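structure-v2.txt, holding compact mmCIF, N, CA and C atoms:
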# COMPACT_ATOMS: atom_id res chain seq x y z
N MET Z 1 -9.96 4.83 -21.37
CA MET Z 1 -9.23 4.54 -20.14
C MET Z 1 -10.23 4.36 -19.00
N SER Z 2 -10.08 3.30 -18.25
CA SER Z 2 -10.96 3.03 -17.12
C SER Z 2 -10.63 3.95 -15.96
N PRO Z 3 -11.64 4.29 -15.17
CA PRO Z 3 -11.35 5.13 -14.00
C PRO Z 3 -10.49 4.36 -12.99
N LEU Z 4 -9.69 5.09 -12.28
CA LEU Z 4 -8.84 4.51 -11.25
C LEU Z 4 -9.69 4.03 -10.08
N ILE Z 5 -9.49 2.80 -9.67
CA ILE Z 5 -10.17 2.26 -8.49
C ILE Z 5 -9.24 2.42 -7.30
N THR Z 6 -9.70 3.12 -6.29
CA THR Z 6 -8.89 3.35 -5.09
C THR Z 6 -9.59 2.74 -3.88
N LEU Z 7 -8.90 2.71 -2.78
CA LEU Z 7 -9.47 2.22 -1.52
C LEU Z 7 -9.71 3.41 -0.60
N GLY Z 8 -10.90 3.44 -0.03
CA GLY Z 8 -11.23 4.49 0.93
C GLY Z 8 -10.81 4.09 2.33
N VAL Z 9 -10.98 4.99 3.25
CA VAL Z 9 -10.60 4.75 4.64
C VAL Z 9 -11.33 3.53 5.20
N GLU Z 10 -12.63 3.42 4.94
CA GLU Z 10 -13.39 2.27 5.46
C GLU Z 10 -12.88 0.96 4.87
N ASP Z 11 -12.49 0.98 3.59
CA ASP Z 11 -11.92 -0.22 2.96
C ASP Z 11 -10.64 -0.64 3.67
N VAL Z 12 -9.78 0.32 3.92
CA VAL Z 12 -8.49 0.03 4.56
C VAL Z 12 -8.70 -0.43 6.00
N LEU Z 13 -9.62 0.21 6.71
CA LEU Z 13 -9.91 -0.22 8.08
C LEU Z 13 -10.43 -1.66 8.10
N ALA Z 14 -11.30 -2.01 7.16
CA ALA Z 14 -11.84 -3.37 7.10
C ALA Z 14 -10.73 -4.37 6.74
N LEU Z 15 -9.88 -4.02 5.79
CA LEU Z 15 -8.75 -4.91 5.45
C LEU Z 15 -7.84 -5.10 6.66
N HIS Z 16 -7.60 -4.04 7.40
CA HIS Z 16 -6.75 -4.13 8.58
C HIS Z 16 -7.35 -5.07 9.62
N ARG Z 17 -8.64 -4.91 9.87
CA ARG Z 17 -9.31 -5.79 10.84
C ARG Z 17 -9.18 -7.25 10.40
N ARG Z 18 -9.36 -7.52 9.13
CA ARG Z 18 -9.24 -8.90 8.63
C ARG Z 18 -7.82 -9.43 8.78
N GLN Z 19 -6.83 -8.60 8.53
CA GLN Z 19 -5.44 -9.03 8.67
C GLN Z 19 -5.10 -9.33 10.13
N ILE Z 20 -5.55 -8.48 11.02
CA ILE Z 20 -5.30 -8.70 12.45
C ILE Z 20 -6.02 -9.97 12.92
N ALA Z 21 -7.26 -10.15 12.49
CA ALA Z 21 -8.01 -11.35 12.88
C ALA Z 21 -7.32 -12.62 12.38
N ARG Z 22 -6.76 -12.55 11.20
CA ARG Z 22 -6.13 -13.74 10.61
C ARG Z 22 -4.74 -14.00 11.16
N TRP Z 23 -3.93 -12.96 11.29
CA TRP Z 23 -2.52 -13.14 11.62
C TRP Z 23 -2.13 -12.70 13.03
N GLY Z 24 -3.05 -12.03 13.72
CA GLY Z 24 -2.76 -11.58 15.08
C GLY Z 24 -2.21 -10.17 15.12
N GLY Z 25 -2.14 -9.65 16.34
CA GLY Z 25 -1.63 -8.30 16.55
C GLY Z 25 -2.69 -7.44 17.20
N ALA Z 26 -2.32 -6.23 17.49
CA ALA Z 26 -3.21 -5.28 18.15
C ALA Z 26 -4.09 -4.58 17.12
N GLU Z 27 -5.39 -4.69 17.32
CA GLU Z 27 -6.31 -3.98 16.44
C GLU Z 27 -6.46 -2.56 16.95
N GLY Z 28 -6.58 -1.63 16.04
CA GLY Z 28 -6.84 -0.26 16.45
C GLY Z 28 -6.04 0.76 15.67
N VAL Z 29 -6.53 1.97 15.76
CA VAL Z 29 -5.95 3.09 15.03
C VAL Z 29 -5.12 3.93 15.98
N ARG Z 30 -3.92 4.25 15.57
CA ARG Z 30 -3.06 5.15 16.34
C ARG Z 30 -3.32 6.60 15.92
N GLU Z 31 -3.44 6.80 14.60
CA GLU Z 31 -3.58 8.16 14.09
C GLU Z 31 -4.43 8.14 12.81
N LEU Z 32 -5.73 8.39 12.95
CA LEU Z 32 -6.65 8.36 11.82
C LEU Z 32 -6.24 9.32 10.70
N PRO Z 33 -5.78 10.54 10.99
CA PRO Z 33 -5.38 11.43 9.89
C PRO Z 33 -4.27 10.83 9.01
N ALA Z 34 -3.39 10.03 9.59
CA ALA Z 34 -2.34 9.39 8.78
C ALA Z 34 -2.95 8.37 7.82
N ILE Z 35 -3.97 7.66 8.28
CA ILE Z 35 -4.64 6.68 7.42
C ILE Z 35 -5.44 7.41 6.34
N GLU Z 36 -6.11 8.47 6.72
CA GLU Z 36 -6.87 9.26 5.74
C GLU Z 36 -5.94 9.84 4.68
N ALA Z 37 -4.80 10.35 5.09
CA ALA Z 37 -3.84 10.90 4.14
C ALA Z 37 -3.33 9.82 3.19
N ALA Z 38 -3.08 8.63 3.73
CA ALA Z 38 -2.61 7.52 2.89
C ALA Z 38 -3.67 7.15 1.86
N CYS Z 39 -4.92 7.13 2.26
CA CYS Z 39 -6.00 6.78 1.34
C CYS Z 39 -6.23 7.86 0.29
N ASN Z 40 -5.92 9.09 0.61
CA ASN Z 40 -6.05 10.19 -0.36
C ASN Z 40 -4.83 10.30 -1.28
N ALA Z 41 -3.71 9.75 -0.88
CA ALA Z 41 -2.47 9.88 -1.65
C ALA Z 41 -2.61 9.38 -3.09
N PRO Z 42 -3.25 8.24 -3.35
CA PRO Z 42 -3.36 7.80 -4.74
C PRO Z 42 -4.07 8.80 -5.65
N LEU Z 43 -5.12 9.42 -5.14
CA LEU Z 43 -5.83 10.41 -5.95
C LEU Z 43 -4.99 11.65 -6.19
N VAL Z 44 -4.24 12.06 -5.20
CA VAL Z 44 -3.35 13.21 -5.36
C VAL Z 44 -2.30 12.89 -6.42
N VAL Z 45 -1.70 11.72 -6.34
CA VAL Z 45 -0.67 11.32 -7.32
C VAL Z 45 -1.28 11.24 -8.71
N HIS Z 46 -2.48 10.71 -8.81
CA HIS Z 46 -3.15 10.56 -10.10
C HIS Z 46 -3.52 11.92 -10.71
N ARG Z 47 -4.14 12.76 -9.90
CA ARG Z 47 -4.65 14.04 -10.41
C ARG Z 47 -3.58 15.11 -10.57
N GLN Z 48 -2.68 15.20 -9.61
CA GLN Z 48 -1.71 16.30 -9.64
C GLN Z 48 -0.41 15.94 -10.34
N GLU Z 49 -0.08 14.64 -10.37
CA GLU Z 49 1.19 14.24 -10.97
C GLU Z 49 0.99 13.41 -12.24
N GLY Z 50 -0.27 13.07 -12.54
CA GLY Z 50 -0.53 12.24 -13.71
C GLY Z 50 -0.08 10.80 -13.54
N GLY Z 51 0.01 10.36 -12.29
CA GLY Z 51 0.49 9.01 -12.00
C GLY Z 51 -0.46 7.94 -12.50
N ASP Z 52 0.12 6.80 -12.89
CA ASP Z 52 -0.69 5.66 -13.32
C ASP Z 52 -1.02 4.80 -12.12
N VAL Z 53 -1.67 3.65 -12.36
CA VAL Z 53 -2.12 2.80 -11.27
C VAL Z 53 -0.95 2.32 -10.41
N VAL Z 54 0.20 2.07 -11.00
CA VAL Z 54 1.35 1.61 -10.22
C VAL Z 54 1.83 2.73 -9.30
N ASP Z 55 1.93 3.93 -9.82
CA ASP Z 55 2.33 5.07 -8.98
C ASP Z 55 1.34 5.27 -7.83
N CYS Z 56 0.06 5.13 -8.13
CA CYS Z 56 -0.98 5.36 -7.13
C CYS Z 56 -1.00 4.27 -6.06
N ALA Z 57 -0.87 3.02 -6.47
CA ALA Z 57 -0.81 1.92 -5.50
C ALA Z 57 0.44 2.05 -4.64
N ALA Z 58 1.54 2.45 -5.25
CA ALA Z 58 2.78 2.65 -4.49
C ALA Z 58 2.60 3.75 -3.46
N ALA Z 59 1.87 4.79 -3.81
CA ALA Z 59 1.62 5.89 -2.86
C ALA Z 59 0.83 5.38 -1.66
N LEU Z 60 -0.21 4.60 -1.92
CA LEU Z 60 -1.00 4.04 -0.83
C LEU Z 60 -0.14 3.14 0.05
N MET Z 61 0.60 2.27 -0.58
CA MET Z 61 1.46 1.33 0.13
C MET Z 61 2.50 2.07 0.97
N TRP Z 62 3.18 3.01 0.35
CA TRP Z 62 4.25 3.74 1.03
C TRP Z 62 3.71 4.51 2.23
N HIS Z 63 2.61 5.23 2.03
CA HIS Z 63 2.07 6.04 3.12
C HIS Z 63 1.58 5.18 4.29
N LEU Z 64 0.91 4.07 3.99
CA LEU Z 64 0.44 3.21 5.08
C LEU Z 64 1.60 2.59 5.84
N CYS Z 65 2.63 2.16 5.13
CA CYS Z 65 3.79 1.56 5.81
C CYS Z 65 4.61 2.58 6.57
N ALA Z 66 4.81 3.74 5.99
CA ALA Z 66 5.73 4.73 6.56
C ALA Z 66 5.11 5.59 7.66
N ASN Z 67 3.81 5.79 7.61
CA ASN Z 67 3.19 6.73 8.54
C ASN Z 67 2.65 6.09 9.81
N HIS Z 68 2.63 4.77 9.87
CA HIS Z 68 2.27 4.04 11.10
C HIS Z 68 0.96 4.53 11.73
N GLY Z 69 -0.09 4.57 10.92
CA GLY Z 69 -1.39 5.03 11.41
C GLY Z 69 -2.11 4.04 12.30
N PHE Z 70 -1.72 2.76 12.23
CA PHE Z 70 -2.36 1.73 13.05
C PHE Z 70 -1.48 1.38 14.23
N LEU Z 71 -2.09 0.80 15.27
CA LEU Z 71 -1.32 0.36 16.44
C LEU Z 71 -0.36 -0.76 16.06
N ASP Z 72 -0.77 -1.60 15.13
CA ASP Z 72 0.02 -2.76 14.73
C ASP Z 72 -0.35 -3.11 13.29
N GLY Z 73 0.51 -3.81 12.59
CA GLY Z 73 0.20 -4.30 11.26
C GLY Z 73 0.33 -3.28 10.15
N ASN Z 74 1.10 -2.23 10.35
CA ASN Z 74 1.24 -1.19 9.32
C ASN Z 74 1.89 -1.72 8.05
N LYS Z 75 2.90 -2.55 8.19
CA LYS Z 75 3.55 -3.12 7.01
C LYS Z 75 2.59 -4.06 6.29
N ARG Z 76 1.86 -4.85 7.06
CA ARG Z 76 0.89 -5.77 6.46
C ARG Z 76 -0.20 -5.02 5.70
N ILE Z 77 -0.78 -4.01 6.33
CA ILE Z 77 -1.88 -3.31 5.67
C ILE Z 77 -1.38 -2.51 4.48
N GLY Z 78 -0.20 -1.96 4.58
CA GLY Z 78 0.37 -1.26 3.43
C GLY Z 78 0.53 -2.19 2.24
N THR Z 79 1.07 -3.37 2.52
CA THR Z 79 1.28 -4.36 1.48
C THR Z 79 -0.04 -4.83 0.90
N VAL Z 80 -0.95 -5.25 1.76
CA VAL Z 80 -2.24 -5.79 1.31
C VAL Z 80 -3.04 -4.72 0.56
N ALA Z 81 -3.12 -3.53 1.10
CA ALA Z 81 -3.90 -2.47 0.45
C ALA Z 81 -3.32 -2.14 -0.93
N GLY Z 82 -2.00 -2.06 -1.03
CA GLY Z 82 -1.39 -1.78 -2.32
C GLY Z 82 -1.66 -2.88 -3.32
N LEU Z 83 -1.55 -4.13 -2.89
CA LEU Z 83 -1.80 -5.26 -3.79
C LEU Z 83 -3.27 -5.35 -4.18
N VAL Z 84 -4.17 -5.06 -3.24
CA VAL Z 84 -5.61 -5.05 -3.56
C VAL Z 84 -5.91 -3.96 -4.58
N MET Z 85 -5.32 -2.79 -4.39
CA MET Z 85 -5.56 -1.71 -5.35
C MET Z 85 -5.04 -2.08 -6.73
N LEU Z 86 -3.85 -2.66 -6.80
CA LEU Z 86 -3.33 -3.10 -8.09
C LEU Z 86 -4.28 -4.11 -8.73
N SER Z 87 -4.68 -5.10 -7.97
CA SER Z 87 -5.57 -6.15 -8.48
C SER Z 87 -6.91 -5.57 -8.95
N ALA Z 88 -7.48 -4.66 -8.18
CA ALA Z 88 -8.75 -4.05 -8.55
C ALA Z 88 -8.66 -3.30 -9.87
N ASN Z 89 -7.45 -2.89 -10.22
CA ASN Z 89 -7.21 -2.16 -11.46
C ASN Z 89 -6.60 -3.05 -12.55
N GLY Z 90 -6.64 -4.38 -12.32
CA GLY Z 90 -6.19 -5.31 -13.34
C GLY Z 90 -4.70 -5.51 -13.44
N VAL Z 91 -3.97 -5.18 -12.39
CA VAL Z 91 -2.51 -5.30 -12.38
C VAL Z 91 -2.12 -6.29 -11.29
N ALA Z 92 -1.15 -7.15 -11.56
CA ALA Z 92 -0.73 -8.14 -10.57
C ALA Z 92 0.79 -8.27 -10.57
N LEU Z 93 1.29 -8.81 -9.48
CA LEU Z 93 2.69 -9.18 -9.37
C LEU Z 93 2.77 -10.70 -9.53
N PRO Z 94 3.84 -11.21 -10.09
CA PRO Z 94 3.95 -12.66 -10.23
C PRO Z 94 4.11 -13.33 -8.87
N ALA Z 95 3.60 -14.55 -8.76
CA ALA Z 95 3.75 -15.34 -7.53
C ALA Z 95 5.10 -16.03 -7.61
N ASP Z 96 6.10 -15.40 -7.03
CA ASP Z 96 7.47 -15.88 -7.15
C ASP Z 96 8.15 -15.72 -5.80
N ALA Z 97 8.75 -16.80 -5.30
CA ALA Z 97 9.37 -16.76 -3.97
C ALA Z 97 10.48 -15.73 -3.89
N GLY Z 98 11.28 -15.61 -4.93
CA GLY Z 98 12.35 -14.62 -4.94
C GLY Z 98 11.81 -13.21 -4.86
N LEU Z 99 10.74 -12.97 -5.59
CA LEU Z 99 10.10 -11.66 -5.55
C LEU Z 99 9.56 -11.36 -4.15
N GLN Z 100 9.00 -12.36 -3.51
CA GLN Z 100 8.46 -12.17 -2.16
C GLN Z 100 9.55 -11.72 -1.20
N VAL Z 101 10.72 -12.31 -1.29
CA VAL Z 101 11.84 -11.93 -0.41
C VAL Z 101 12.23 -10.48 -0.68
N GLU Z 102 12.35 -10.11 -1.96
CA GLU Z 102 12.70 -8.73 -2.32
C GLU Z 102 11.62 -7.76 -1.82
N PHE Z 103 10.37 -8.16 -2.00
CA PHE Z 103 9.25 -7.32 -1.62
C PHE Z 103 9.22 -7.09 -0.11
N ILE Z 104 9.46 -8.13 0.65
CA ILE Z 104 9.50 -7.99 2.11
C ILE Z 104 10.61 -7.02 2.51
N GLY Z 105 11.77 -7.14 1.88
CA GLY Z 105 12.86 -6.21 2.15
C GLY Z 105 12.47 -4.77 1.86
N LEU Z 106 11.79 -4.56 0.74
CA LEU Z 106 11.33 -3.21 0.37
C LEU Z 106 10.37 -2.66 1.42
N ILE Z 107 9.43 -3.47 1.85
CA ILE Z 107 8.44 -3.04 2.84
C ILE Z 107 9.12 -2.74 4.18
N MET Z 108 10.06 -3.56 4.57
CA MET Z 108 10.78 -3.31 5.83
C MET Z 108 11.55 -1.99 5.75
N ARG Z 109 12.23 -1.75 4.63
CA ARG Z 109 12.96 -0.48 4.46
C ARG Z 109 12.00 0.71 4.45
N THR Z 110 10.83 0.51 3.85
CA THR Z 110 9.83 1.59 3.81
C THR Z 110 9.37 1.93 5.21
N ALA Z 111 9.09 0.93 6.02
CA ALA Z 111 8.62 1.17 7.39
C ALA Z 111 9.69 1.86 8.23
N ARG Z 112 10.96 1.66 7.89
CA ARG Z 112 12.05 2.32 8.62
C ARG Z 112 12.37 3.70 8.05
N GLY Z 113 11.64 4.11 7.02
CA GLY Z 113 11.86 5.43 6.43
C GLY Z 113 13.05 5.47 5.49
N GLU Z 114 13.41 4.33 4.91
CA GLU Z 114 14.59 4.26 4.06
C GLU Z 114 14.28 4.22 2.58
N THR Z 115 13.02 4.40 2.20
CA THR Z 115 12.67 4.44 0.77
C THR Z 115 11.82 5.66 0.50
N THR Z 116 11.67 5.95 -0.77
CA THR Z 116 10.74 6.99 -1.20
C THR Z 116 9.56 6.32 -1.90
N ARG Z 117 8.51 7.07 -2.03
CA ARG Z 117 7.35 6.59 -2.77
C ARG Z 117 7.74 6.21 -4.20
N GLN Z 118 8.62 6.99 -4.80
CA GLN Z 118 9.06 6.73 -6.16
C GLN Z 118 9.86 5.43 -6.26
N GLU Z 119 10.64 5.12 -5.22
CA GLU Z 119 11.37 3.85 -5.22
C GLU Z 119 10.41 2.66 -5.16
N VAL Z 120 9.37 2.78 -4.36
CA VAL Z 120 8.38 1.72 -4.27
C VAL Z 120 7.69 1.55 -5.63
N ALA Z 121 7.33 2.66 -6.25
CA ALA Z 121 6.70 2.59 -7.58
C ALA Z 121 7.64 1.95 -8.60
N GLY Z 122 8.90 2.31 -8.55
CA GLY Z 122 9.87 1.72 -9.48
C GLY Z 122 10.01 0.22 -9.29
N PHE Z 123 10.05 -0.20 -8.05
CA PHE Z 123 10.13 -1.63 -7.74
C PHE Z 123 8.93 -2.36 -8.33
N LEU Z 124 7.73 -1.84 -8.06
CA LEU Z 124 6.52 -2.46 -8.57
C LEU Z 124 6.48 -2.47 -10.09
N ARG Z 125 6.82 -1.35 -10.68
CA ARG Z 125 6.74 -1.20 -12.14
C ARG Z 125 7.63 -2.23 -12.86
N GLN Z 126 8.78 -2.51 -12.29
CA GLN Z 126 9.69 -3.48 -12.91
C GLN Z 126 9.18 -4.91 -12.82
N ARG Z 127 8.18 -5.14 -11.98
CA ARG Z 127 7.77 -6.53 -11.71
C ARG Z 127 6.31 -6.84 -12.05
N VAL Z 128 5.50 -5.85 -12.34
CA VAL Z 128 4.09 -6.13 -12.61
C VAL Z 128 3.92 -6.93 -13.89
N VAL Z 129 2.85 -7.72 -13.91
CA VAL Z 129 2.53 -8.51 -15.11
C VAL Z 129 1.22 -8.04 -15.71

Encoded form using C-alpha cells:
Amino acid sequence: MSPLITLGVEDVLALHRRQIARWGGAEGVRELPAIEAACNAPLVVHRQEGGDVVDCAAALMWHLCANHGFLDGNKRIGTVAGLVMLSANGVALPADAGLQVEFIGLIMRTARGETTRQEVAGFLRQRVV
C-alpha cells in the first residue's frame, strides 16, 4: 500500500493564492488555525479512523469549505484541495457536466453547514473512477 499523500498548510495557501489570482476575490487568511486543522484532518481520519484516500480527501474538502479559514474562496479552495489530494493519490472524478452540477450543490450545502464529512465522502466514493 502506498503512503497517503496529503496537502500541508503551505500547499493549501499556495493553491488558494493561485485560485484567487486566476478567478478573483480577496486574498488572505481569516483564521489560520482553521486552515491548519483542515490540513491535519486527513491524517486524523487516516490514522484514527482507518479512512482511505476518499475519506481523507473528503475531510480536507469539508473542513476547508465549512470552517471558512480564508477571507474569500473557501468553497473553491476546499474543492481544489480535495481534488488535488485525490489526484495525487491516483483517484479521479469523471469529467461530466451532470456531476459538476451535483458537486457544486454539495459544496454549497457544505459551506452552509448542511452536510457532514461522511456525506461528502459518500458522494465522492460513489463517483470516483

Inset, instruction - Do a neighbour search on stretch 88-104 of chain Z at 7 Å with all atoms listed in the file, toss out local chain neighbours closer than 2 positions, and write the hits as a list in words. - result: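 Within the cut-off, the hits are Leu4, Ile5, Leu83, Val84, Met85, Leu86, Leu106, Ile107, Met108, Arg109, Arg127, Val128 and Val129 of chain Z.
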
Legend entry - Residues flagged alpha helix (DSSP H) by DSSP in chain Z, as a ChimeraX atom specification: /Z:9-23,32-49,53-67,74-88,97-111,117-127

Would you list the contacts of stretch 23-27 of chain Z as an mmCIF file with N, CA and C atoms, in the frame of the given file, taking every protein, DNA or RNA residue within 8 Å and counting all atoms listed in the file, but skipping same-chain residues closer than 6 positions in sequence?
data_model
loop_
_atom_site.group_PDB
_atom_site.id
_atom_site.type_symbol
_atom_site.label_atom_id
_atom_site.label_comp_id
_atom_site.auth_asym_id
_atom_site.auth_seq_id
_atom_site.Cartn_x
_atom_site.Cartn_y
_atom_site.Cartn_z
ATOM 1 N N HIS Z 16 -7.600 -4.040 7.400
ATOM 2 C CA HIS Z 16 -6.750 -4.130 8.580
ATOM 3 C C HIS Z 16 -7.350 -5.070 9.620
ATOM 4 N N ARG Z 17 -8.640 -4.910 9.870
ATOM 5 C CA ARG Z 17 -9.310 -5.790 10.840
ATOM 6 C C ARG Z 17 -9.180 -7.250 10.400
ATOM 7 N N PHE Z 70 -1.720 2.760 12.230
ATOM 8 C CA PHE Z 70 -2.360 1.730 13.050
ATOM 9 C C PHE Z 70 -1.480 1.380 14.230
ATOM 10 N N LEU Z 71 -2.090 0.800 15.270
ATOM 11 C CA LEU Z 71 -1.320 0.360 16.440
ATOM 12 C C LEU Z 71 -0.360 -0.760 16.060
ATOM 13 N N ASP Z 72 -0.770 -1.600 15.130
ATOM 14 C CA ASP Z 72 0.020 -2.760 14.730
ATOM 15 C C ASP Z 72 -0.350 -3.110 13.290
ATOM 16 N N GLY Z 73 0.510 -3.810 12.590
ATOM 17 C CA GLY Z 73 0.200 -4.300 11.260
ATOM 18 C C GLY Z 73 0.330 -3.280 10.150
#

Inset, instruction - Identify which of the residues Z:Asp11, Z:Glu119, Z:Glu49, Z:Glu31 lies closest to Z:His68, counting only N, CA and C atoms when measuring atom-to-atom distances. - result: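 For Z:His68, the nearest of the candidates is Z:Glu31.
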
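Restricting the calculation to all atoms listed in the file, the smallest distance between Z:Gly82 and any of Z:Ala59, Z:Thr115, Z:Gly69, Z:Ala21 is found for Z:Ala59.
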
Inset, instruction - Compile the contact shell of Z:Cys65 as a list in words: residues with an atom at most 7 Å away, counting only C-alpha atoms, same-chain residues fewer than 6 positions apart removed. - result: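 My reading of the contact set: Asn74, Lys75, Gly78, Thr110 and Ala111 of chain Z.
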
Inset, instruction - Name the closest residue to Z:Pro33 among the candidates Z:Asn67, Z:Ser87, Z:Thr116, Z:Ser2; distances are taken between atoms, counting only C-alpha atoms. - result: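 Once distances to Z:Pro33 are computed over only C-alpha atoms, the minimum belongs to Z:Asn67.
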